[in-house]
Amino acid sequence: MISTLHIKNIGIIDEIMIDFSKGFNILTGETGAGKTLIIGALGIVAGGRFSKEMIRKGENHSFVEVSIYLPNHPKAVDGNIIISREIFENGRNTCKINGRLVTVNELKEFMNNIINIHGQNDNQNLLNKENHIKYLDKFLGKEFLSKKNEYTELYNKYVDINRKLKENYGDEKEKERRLDLLRYQLNEIAQANLKSREDEELEEKRNIIVNSERLHINLTEIDETLSNQVIDGLSNSIKALEKIEEYGEIYKEKLIDLKNIYYEIQEHSRDFENMKTQICFDECERDDIEKRLDIIYSLKRKYGNSTEEISKYKENVEKQIYEIENAEEYNKILRTRIKELEEEMSKCAESMEKIRIEYANELSEKINTELKDLEMLNSIFEIKIERLQEFNINGLNKVEFYICTNIGETTKPLVKVASGGEMSRLMLAIKSVFAKTDDVPVLVFDEIDTGISGKAAKAVGEKLKIISKVHQVICITHLAPIAARGDYNYYISKNVKEEKTVTTIKQLNEEETINEIARIATGEVTEISKQHAIELRKAS
């Protein structure tokens with residue numbers, strides 16, 4: 001059971017600590033006081049979704065911690081397990097079980113076996129017929145679970161092999177579509193007849209043509225300077241050194257160095273002269289270069305950032321074409337395996353269907369019994385099972401809940417018939433049936449009394465009281481007949497403190513409980529309403 005719940009910085013809750021007990025725990029209070037926030041906090045610490053808008057204004061994080069007493073659980077320390085979850089404004093999430101960090105999924109999986117929350121959205125889940133098969137399968141027990149696990153394993157293999165077959169172009173239309181695309185790409189690259197680094201060479205040529213005038217002017221200046229000034233100057237210097245070389249070894253060495261420079265400058269001068277003569281502006285050549293670069297740029301946009309990458313892409317396309325054209329043999333093996341799996345899955349799905357049909361009647365009878373206890377005396381609930389043509393994760397069955405709420409009518413799909421109050425009682429009936437075999441120790445009900453009153457409210461209170469004999473029940477209610485049956489009653493209120501709204505919670509003593517039941521029943525506490533509350537308490 002949950003022994004202590006600690007909540008900090010969620011909505012209007014600043015910080016509260018609640019000590020729960022075994023049995024039937026009732027939460028009441030005025031609208032907007034924070035009752036649903038408390039249930040929401042339990043959902044958060046159970047691994048549920050959390051929106052950062054839930055963080056209290058002015059704070060940067062929310063924190064929920066719960067102490068659970070489960071003396072026989074392997075994770076329990078001195079009989080207790082401490083679960084916490086802290087969520088920050090930036091989205092960071094910290095979950096712990098007995099101080100050890102876990103992921104949200106690990107937390108959710110762990111808490112699924114400890115707490116079951118019936119929130120206000122559960123009725124909507126029940127209206128979704130896709131969920132009906134889940135409710136039925138949950139009722140079917142270990143024999144069915146073993147068979148379904150076997151089927152699920154086969155189905156996952158079946159999906160995986162179909163995926164491989166599709167990826168391997170086992171589908172003829174897909175295969176031809178892919179081959180057409182690959183052949184087009186290969187032809188486009190092949191026709192371009194690219195050369196390594198061709199784009200770089202062409203860009204350099206284009207750059208020269210575009211800047212030919214400037215290049216010619218500057219190369220001419222360099223050529224004239226080297227020819228008329230530098231070479232002539234070096235030649236005169238060499239002649240002067242030749243006249244004095246006999247007067248010392250150092251002059252001979254310098255003469256050799258200067259001659260080497262002279263010859264090197266001559267070579268550079270010839271190079272610059274050649275470069276100058278090669279500079280020309282050819283409009284046709286420029287157009288050819290531009291067209292060629294356009295082709296290369298188009299290929300680069302599609303197949304890679306360089307001619308080398310495009311060549312690698314071409315090799316990969318050739319490899320894919322070869323694999324697709326030679327994949328048929330492997331695909332035959334995959335298709336054979338799919339047929340084998342379909343046979344195995346069919347046998348397994350048929351066994352599952354037999355179990356579902358057998359137990360669907362039993363579950364329907366149990367739910368109908370619970371509905372009569374909940375003052376739906378004329379209701380008839382039934383589960384219809386249909387055979388599908390294609391396999392899915394649940395086998396070959398479609399399951400849908402049908403109900404009739406009035407004498408003389410036929411059963412119709414649940415979504416078309418049930419009112420809000422009927423949906424609440426139907427959900428409670430289902431929970432009641434499951435509670436007798438369910439190992440989950442804590443059941444939480446958020447406003448299970450929606451849309452009901454009078455005898456129905458009394459019946460719901462009685463049903464919750466029965467469930468609380470074998471499970472800890474935590475329940476928010478607005479109805480006096482339900483609140484009167486609480487073993488422990490808590491009052492949630494809100495007050496303004498330092499210009500901020502703050503939620504507080506108080507466990508009520510017997511006198512305070514009588515006053516709260518009276519307030520819920522009539523809207524005010526009078527001697528008459530208190531006497532009515534006392535009578536309700538006695539009846540519980």
# chains A, B, ... in the order shown; residues from 1 in each chain; ligands from 1
>>> select_by_dssp(residues="region 171-302 of chain A", states="alpha helix (DSSP H)", output="ChimeraX atom specification")
/A:172-192,198-210,212-225,231-242,249-278,283-302
>>> select_by_dssp(residues="region 394-450 of chain A", states="strand (DSSP E)", output="list in words")
Gly395, Leu396, Asn397, Lys398, Val399, Glu400, Phe401, Tyr402, Ile403, Cys404, Lys412, Pro413, Val442, Leu443, Val444, Phe445 and Asp446 of chain A
>>> residues_around(residues="region 335-339 of chain A", least_positions_apart="3", cutoff="12 Å", atoms="only C-alpha atoms", output="list in words")
Leu154, Tyr155, Asn156, Lys157, Tyr158, Val159, Asp160, Ile161, Asn162, Arg163, Lys164, Leu165, Lys166, Asn168, Tyr169, Gly170, Asp171, Glu328, Glu329, Tyr330, Asn331, Lys332, Glu342, Glu343, Glu344, Met345 and Ser346 of chain A
>>> write_last_selection(atoms="C-alpha atoms", output="PDB file, in the first residue's frame")
ATOM      1  CA  LEU A 154       5.804 -15.577 -34.286  1.00  0.00           C
ATOM      2  CA  TYR A 155       4.097 -12.353 -35.368  1.00  0.00           C
ATOM      3  CA  ASN A 156       7.237 -10.284 -34.763  1.00  0.00           C
ATOM      4  CA  LYS A 157       9.228 -12.707 -36.932  1.00  0.00           C
ATOM      5  CA  TYR A 158       6.481 -12.528 -39.567  1.00  0.00           C
ATOM      6  CA  VAL A 159       6.602  -8.705 -39.623  1.00  0.00           C
ATOM      7  CA  ASP A 160      10.402  -8.739 -39.736  1.00  0.00           C
ATOM      8  CA  ILE A 161      10.577 -11.153 -42.690  1.00  0.00           C
ATOM      9  CA  ASN A 162       7.903  -9.199 -44.590  1.00  0.00           C
ATOM     10  CA  ARG A 163       9.965  -6.068 -44.003  1.00  0.00           C
ATOM     11  CA  LYS A 164      13.084  -7.817 -45.331  1.00  0.00           C
ATOM     12  CA  LEU A 165      11.153  -9.066 -48.344  1.00  0.00           C
ATOM     13  CA  LYS A 166       9.921  -5.559 -49.093  1.00  0.00           C
ATOM     14  CA  ASN A 168      14.722  -6.879 -50.894  1.00  0.00           C
ATOM     15  CA  TYR A 169      12.131  -5.957 -53.515  1.00  0.00           C
ATOM     16  CA  GLY A 170      10.141  -9.119 -53.218  1.00  0.00           C
ATOM     17  CA  ASP A 171       7.155  -7.107 -54.417  1.00  0.00           C
ATOM     18  CA  GLU A 328      14.764 -13.714 -56.464  1.00  0.00           C
ATOM     19  CA  GLU A 329      16.438 -16.818 -55.061  1.00  0.00           C
ATOM     20  CA  TYR A 330      16.741 -15.273 -51.604  1.00  0.00           C
ATOM     21  CA  ASN A 331      13.184 -13.933 -51.830  1.00  0.00           C
ATOM     22  CA  LYS A 332      11.880 -17.452 -52.495  1.00  0.00           C
ATOM     23  CA  GLU A 342       1.369 -18.103 -41.317  1.00  0.00           C
ATOM     24  CA  GLU A 343       0.536 -21.752 -40.665  1.00  0.00           C
ATOM     25  CA  GLU A 344       2.024 -21.605 -37.164  1.00  0.00           C
ATOM     26  CA  MET A 345       0.301 -18.286 -36.440  1.00  0.00           C
ATOM     27  CA  SER A 346      -3.040 -19.607 -37.679  1.00  0.00           C
TER      28      SER A 346
END
>>> atom_distance(atom1="CA of Glu362 (chain A)", atom2="CA of Asn149 (chain A)")
22.5 Å
>>> closest_residue(among="A:Arg214, A:Glu59, A:Ile38, A:Ser424", to="Ile16 (chain A)", atoms="only C-alpha atoms")
A:Ile38
>>> residues_around(residues="His118 (chain A)", least_positions_apart="5", cutoff="8 Å", atoms="only C-alpha atoms", output="list in words")
Leu443, Val444, Phe445, Asp446 and Ile448 of chain A
>>> write_last_selection(atoms="N, CA, C and O atoms", output="compact mmCIF listing (two decimals), in the first residue's frame")
# COMPACT_ATOMS: atom_id res chain seq x y z
N LEU A 443 -5.45 0.77 -5.91
CA LEU A 443 -6.37 1.23 -6.94
C LEU A 443 -6.75 2.67 -6.65
O LEU A 443 -7.16 2.99 -5.52
N VAL A 444 -6.62 3.53 -7.64
CA VAL A 444 -6.92 4.95 -7.48
C VAL A 444 -8.07 5.32 -8.42
O VAL A 444 -8.03 5.01 -9.61
N PHE A 445 -9.09 5.99 -7.89
CA PHE A 445 -10.24 6.39 -8.69
C PHE A 445 -10.40 7.91 -8.62
O PHE A 445 -10.58 8.47 -7.54
N ASP A 446 -10.33 8.54 -9.79
CA ASP A 446 -10.50 9.99 -9.88
C ASP A 446 -11.90 10.28 -10.39
O ASP A 446 -12.20 10.14 -11.57
N ILE A 448 -14.91 8.72 -9.96
CA ILE A 448 -15.65 7.58 -10.53
C ILE A 448 -17.15 7.83 -10.49
O ILE A 448 -17.93 7.16 -11.17
>>> closest_atom_pairs(of="region 382-496 of chain A", to="region 369-374 of chain A", cutoff="10 Å", atoms="only C-alpha atoms", output="Markdown table")
| residue | atom | partner | partner_atom | distance |
| --- | --- | --- | --- | --- |
| A:Glu422 | CA | A:Leu371 | CA | 9.3 |
| A:Arg425 | CA | A:Leu374 | CA | 6.7 |
| A:Leu426 | CA | A:Leu371 | CA | 6.7 |
| A:Met427 | CA | A:Leu371 | CA | 9.8 |
| A:Leu428 | CA | A:Glu370 | CA | 8.5 |
| A:Ala429 | CA | A:Glu370 | CA | 5.2 |
| A:Ile430 | CA | A:Glu370 | CA | 8.1 |
| A:Lys431 | CA | A:Glu370 | CA | 9.8 |
| A:Ser432 | CA | A:Glu370 | CA | 7.4 |
| A:Val433 | CA | A:Glu370 | CA | 7.7 |
| A:Lys455 | CA | A:Leu374 | CA | 8.3 |
| A:Ala456 | CA | A:Leu374 | CA | 5.8 |
| A:Ala457 | CA | A:Leu374 | CA | 8.2 |
| A:Lys458 | CA | A:Leu374 | CA | 8.3 |
| A:Ala459 | CA | A:Leu374 | CA | 4.8 |
| A:Val460 | CA | A:Leu374 | CA | 5.9 |
| A:Gly461 | CA | A:Leu374 | CA | 9.2 |
| A:Glu462 | CA | A:Leu374 | CA | 8.6 |
| A:Lys463 | CA | A:Leu374 | CA | 7.5 |
>>> residues_around(residues="region 78-86 of chain A", least_positions_apart="3", cutoff="12 Å", atoms="only C-alpha atoms", output="PyMOL selection string")
chain A and resi 1-10+41-50+52+55+60-75+89-104+106-108+110-111+114
>>> residues_around(residues="region 518-522 of chain A", least_positions_apart="4", cutoff="12 Å", atoms="only C-alpha atoms", output="JSON, numbers by chain")
{"A": [27, 28, 29, 30, 31, 453, 454, 457, 477, 478, 479, 480, 481, 482, 483, 484, 491, 511, 512, 513, 514, 526, 527, 528, 529, 530, 531, 532, 533, 534, 535, 536, 537]}
>>> write_last_selection(atoms="N, CA, C and O atoms", output="tab-separated table (two decimals), in the first residue's frame")
chain	number	residue	atom	x	y	z
A	27	LEU	N	-10.87	11.35	-0.70
A	27	LEU	CA	-10.42	12.73	-0.83
A	27	LEU	C	-11.59	13.58	-1.26
A	27	LEU	O	-12.23	13.30	-2.30
A	28	THR	N	-11.91	14.62	-0.49
A	28	THR	CA	-12.98	15.55	-0.85
A	28	THR	C	-12.47	16.98	-0.73
A	28	THR	O	-11.39	17.22	-0.20
A	29	GLY	N	-13.28	17.90	-1.19
A	29	GLY	CA	-12.91	19.32	-1.13
A	29	GLY	C	-13.62	20.07	-2.23
A	29	GLY	O	-14.21	19.48	-3.13
A	30	GLU	N	-13.55	21.38	-2.16
A	30	GLU	CA	-14.24	22.19	-3.14
A	30	GLU	C	-13.53	22.12	-4.49
A	30	GLU	O	-12.35	21.80	-4.58
A	31	THR	N	-14.29	22.43	-5.55
A	31	THR	CA	-13.73	22.42	-6.90
A	31	THR	C	-12.55	23.38	-7.02
A	31	THR	O	-12.61	24.52	-6.54
A	453	SER	N	-26.02	9.46	-9.21
A	453	SER	CA	-26.57	10.00	-7.96
A	453	SER	C	-27.51	8.95	-7.37
A	453	SER	O	-27.70	7.87	-7.94
A	454	GLY	N	-28.12	9.28	-6.24
A	454	GLY	CA	-29.14	8.43	-5.63
A	454	GLY	C	-28.68	7.02	-5.35
A	454	GLY	O	-27.60	6.80	-4.80
A	457	ALA	N	-25.26	6.01	-6.69
A	457	ALA	CA	-24.14	6.50	-5.89
A	457	ALA	C	-23.91	5.60	-4.68
A	457	ALA	O	-22.77	5.26	-4.33
A	477	THR	N	-14.14	11.99	-4.59
A	477	THR	CA	-15.59	11.94	-4.80
A	477	THR	C	-16.24	13.26	-4.45
A	477	THR	O	-15.70	14.05	-3.67
A	478	HIS	N	-17.42	13.49	-5.07
A	478	HIS	CA	-18.25	14.65	-4.75
A	478	HIS	C	-19.60	14.20	-4.19
A	478	HIS	O	-20.50	15.02	-4.02
A	479	LEU	N	-19.73	12.90	-3.91
A	479	LEU	CA	-21.01	12.37	-3.47
A	479	LEU	C	-20.95	11.89	-2.02
A	479	LEU	O	-20.04	11.14	-1.64
A	480	ALA	N	-21.94	12.29	-1.24
A	480	ALA	CA	-21.99	11.94	0.18
A	480	ALA	C	-22.07	10.43	0.43
A	480	ALA	O	-21.39	9.92	1.32
A	481	PRO	N	-22.89	9.66	-0.33
A	481	PRO	CA	-22.97	8.21	-0.06
A	481	PRO	C	-21.62	7.50	-0.24
A	481	PRO	O	-21.37	6.48	0.41
A	482	ILE	N	-20.78	8.02	-1.12
A	482	ILE	CA	-19.46	7.41	-1.31
A	482	ILE	C	-18.51	7.89	-0.21
A	482	ILE	O	-17.79	7.09	0.40
A	483	ALA	N	-18.50	9.18	0.05
A	483	ALA	CA	-17.63	9.73	1.09
A	483	ALA	C	-17.93	9.11	2.45
A	483	ALA	O	-17.02	8.90	3.27
A	484	ALA	N	-19.20	8.76	2.69
A	484	ALA	CA	-19.60	8.21	3.99
A	484	ALA	C	-19.00	6.84	4.24
A	484	ALA	O	-18.90	6.39	5.38
A	491	TYR	N	-9.56	16.12	3.66
A	491	TYR	CA	-10.18	17.32	3.09
A	491	TYR	C	-9.09	18.17	2.45
A	491	TYR	O	-8.08	18.51	3.09
A	511	GLU	N	-15.83	13.62	13.81
A	511	GLU	CA	-16.74	14.78	13.81
A	511	GLU	C	-16.55	15.60	12.53
A	511	GLU	O	-17.53	16.03	11.91
A	512	GLU	N	-15.30	15.82	12.16
A	512	GLU	CA	-15.01	16.58	10.93
A	512	GLU	C	-15.50	15.83	9.69
A	512	GLU	O	-15.99	16.44	8.74
A	513	THR	N	-15.42	14.51	9.73
A	513	THR	CA	-15.90	13.71	8.61
A	513	THR	C	-17.41	13.86	8.45
A	513	THR	O	-17.93	14.01	7.33
A	514	ILE	N	-18.13	13.83	9.59
A	514	ILE	CA	-19.59	14.02	9.56
A	514	ILE	C	-19.93	15.38	8.97
A	514	ILE	O	-20.83	15.50	8.10
A	526	THR	N	-25.78	21.75	8.56
A	526	THR	CA	-26.88	22.05	9.49
A	526	THR	C	-27.13	20.81	10.34
A	526	THR	O	-26.58	19.73	10.05
A	527	GLU	N	-27.95	20.95	11.35
A	527	GLU	CA	-28.25	19.80	12.20
A	527	GLU	C	-28.92	18.70	11.39
A	527	GLU	O	-28.66	17.51	11.58
A	528	ILE	N	-29.78	19.11	10.45
A	528	ILE	CA	-30.48	18.11	9.62
A	528	ILE	C	-29.49	17.40	8.70
A	528	ILE	O	-29.51	16.16	8.59
A	529	SER	N	-28.59	18.18	8.05
A	529	SER	CA	-27.63	17.57	7.14
A	529	SER	C	-26.62	16.71	7.90
A	529	SER	O	-26.18	15.66	7.41
A	530	LYS	N	-26.30	17.13	9.14
A	530	LYS	CA	-25.38	16.33	9.96
A	530	LYS	C	-26.04	15.01	10.36
A	530	LYS	O	-25.39	13.97	10.37
A	531	GLN	N	-27.33	15.07	10.69
A	531	GLN	CA	-28.03	13.84	11.07
A	531	GLN	C	-28.08	12.88	9.88
A	531	GLN	O	-27.90	11.66	10.03
A	532	HIS	N	-28.28	13.44	8.67
A	532	HIS	CA	-28.28	12.63	7.45
A	532	HIS	C	-26.90	11.99	7.24
A	532	HIS	O	-26.79	10.81	6.88
A	533	ALA	N	-25.85	12.77	7.50
A	533	ALA	CA	-24.48	12.27	7.36
A	533	ALA	C	-24.21	11.13	8.34
A	533	ALA	O	-23.57	10.13	7.99
A	534	ILE	N	-24.72	11.28	9.56
A	534	ILE	CA	-24.54	10.23	10.57
A	534	ILE	C	-25.22	8.94	10.13
A	534	ILE	O	-24.67	7.84	10.28
A	535	GLU	N	-26.42	9.09	9.55
A	535	GLU	CA	-27.14	7.91	9.06
A	535	GLU	C	-26.38	7.22	7.93
A	535	GLU	O	-26.31	6.00	7.86
A	536	LEU	N	-25.77	8.04	7.03
A	536	LEU	CA	-24.98	7.47	5.94
A	536	LEU	C	-23.76	6.73	6.49
A	536	LEU	O	-23.40	5.65	5.98
A	537	ARG	N	-23.15	7.29	7.51
A	537	ARG	CA	-21.97	6.62	8.11
A	537	ARG	C	-22.38	5.30	8.77
A	537	ARG	O	-21.68	4.29	8.64
